[in-house]
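**Student:** This is the structure I have questions about; it appears just below.
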Amino acid sequence: MIEIEEGGIASTVQDLGRTGHYHIGMPPSGAMDRYAHTVANYLVGNDADAATVEMTYQGITATFRDDAVIAITGADMSPSLNGDPIDTWETVAVDAGDELELAFATEGARAYLAVAGGVDVPEVMDSRS
């Protein structure tokens, strides 16, 4: 479980979106940077469509309540774990009690946090977006 302490400017949960509902006014939604979203999921062993946390312009601050495996891709938001910088576009193991912090984007607009097993939020109209 992850507890989001600070949500950033526009952080949302996204998957690859929903299709087939435009006739009732529901756009596809989904991750804005499908490549970064998909690679983040790949790095932690998830299906491409697993939900991630999409952060726009500013990152989140989160505490892990359980051990986890994560990956951060997309925009450079200078991620740190317990105050120590961590690499992006790589798999990172975190321990229960660790705090993840991402700053303002210095390159790009959106970063993605994938957690092994996905982000578990309810599906609405066949999507977690």
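Ligands are numbered from 1 in the order shown, chains are lettered A, B, ... in the order of the structure tokens, and residues start at 1 in each chain.
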Near region 42-51 of chain A, counting only C-alpha atoms, which residues have an atom at most 8 Å away, once you skip same-chain residues fewer than 2 positions from it, shown as a PyMOL selection string?

**Tutor:** chain A and resi 13-16+37-40+53+69-71+89-91+114-120+128-129

**Student:** Could you tell me, as a PyMOL selection string, which residues of chain A DSSP assigns to strand (DSSP E or B) when given the backbone?

**Tutor:** chain A and resi 2-6+12-14+52-56+58+61-64+68-76+80-81+84-85+91-94+99-101+104+107-115+124+127

**Student:** So which residues of chain A fall under helix (DSSP H, G or I) by DSSP, listed as a compact mmCIF listing (two decimals) with N, CA, C and O atoms, in the first residue's frame?

**Tutor:**
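Dumped everything to result39.txt:
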# COMPACT_ATOMS: atom_id res chain seq x y z
N TYR A 22 -17.48 6.78 -26.64
CA TYR A 22 -17.60 8.16 -27.14
C TYR A 22 -19.05 8.51 -27.47
O TYR A 22 -19.46 9.66 -27.39
N HIS A 23 -19.85 7.51 -27.83
CA HIS A 23 -21.25 7.76 -28.18
C HIS A 23 -22.06 8.30 -27.01
O HIS A 23 -23.13 8.88 -27.20
N ILE A 24 -21.53 8.14 -25.79
CA ILE A 24 -22.22 8.72 -24.63
C ILE A 24 -21.39 9.86 -24.02
O ILE A 24 -21.63 10.29 -22.89
N ARG A 34 1.90 7.35 -23.39
CA ARG A 34 1.67 5.91 -23.37
C ARG A 34 2.99 5.12 -23.31
O ARG A 34 3.07 4.07 -22.69
N TYR A 35 4.02 5.65 -23.96
CA TYR A 35 5.31 4.96 -23.95
C TYR A 35 5.89 4.90 -22.54
O TYR A 35 6.26 3.81 -22.06
N ALA A 36 5.97 6.04 -21.86
CA ALA A 36 6.53 6.07 -20.50
C ALA A 36 5.69 5.21 -19.55
O ALA A 36 6.22 4.50 -18.70
N HIS A 37 4.37 5.28 -19.69
CA HIS A 37 3.47 4.47 -18.87
C HIS A 37 3.75 2.98 -19.08
O HIS A 37 3.89 2.22 -18.12
N THR A 38 3.84 2.56 -20.33
CA THR A 38 4.04 1.15 -20.66
C THR A 38 5.40 0.65 -20.19
O THR A 38 5.51 -0.45 -19.63
N VAL A 39 6.44 1.45 -20.39
CA VAL A 39 7.78 1.04 -19.95
C VAL A 39 7.83 0.92 -18.43
O VAL A 39 8.41 -0.03 -17.89
N ALA A 40 7.23 1.86 -17.71
CA ALA A 40 7.20 1.78 -16.24
C ALA A 40 6.58 0.46 -15.80
O ALA A 40 7.11 -0.23 -14.92
N ASN A 41 5.47 0.10 -16.42
CA ASN A 41 4.82 -1.17 -16.08
C ASN A 41 5.70 -2.36 -16.44
O ASN A 41 5.82 -3.32 -15.67
N TYR A 42 6.32 -2.32 -17.59
CA TYR A 42 7.22 -3.40 -18.02
C TYR A 42 8.34 -3.62 -17.00
O TYR A 42 8.67 -4.74 -16.65
N LEU A 43 8.92 -2.52 -16.51
CA LEU A 43 10.05 -2.61 -15.58
C LEU A 43 9.70 -3.29 -14.27
O LEU A 43 10.56 -3.87 -13.62
N VAL A 44 8.43 -3.22 -13.85
CA VAL A 44 8.02 -3.85 -12.59
C VAL A 44 7.27 -5.16 -12.80
O VAL A 44 6.76 -5.75 -11.85

**Student:** So, counting only C-alpha atoms, which residue among A:Glu107, A:Met77, A:His21, A:Asp66 is closest to Asp95 (chain A)?

**Tutor:**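 Of A:Glu107, A:Met77, A:His21, A:Asp66, the one nearest Asp95 (chain A), counting only C-alpha atoms, is A:Asp66.
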
**Student:** Which residue, A:Asp126, A:Glu6, A:Glu99, A:Asp33, has the smallest gap to Asp84 (chain A) when you use only C-alpha atoms?

**Tutor:**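 So, comparing all the options, the nearest one is A:Glu99.
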
**Student:** With only C-alpha atoms as the counted atoms, please give the residues lying no more than 6 Å from Pro28 (chain A), apart from itself and same-chain residues fewer than 4 positions off, as a list in words.

**Tutor:**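 Listing them by chain and then by number gives Gly17, Arg18 and Thr19 of chain A.
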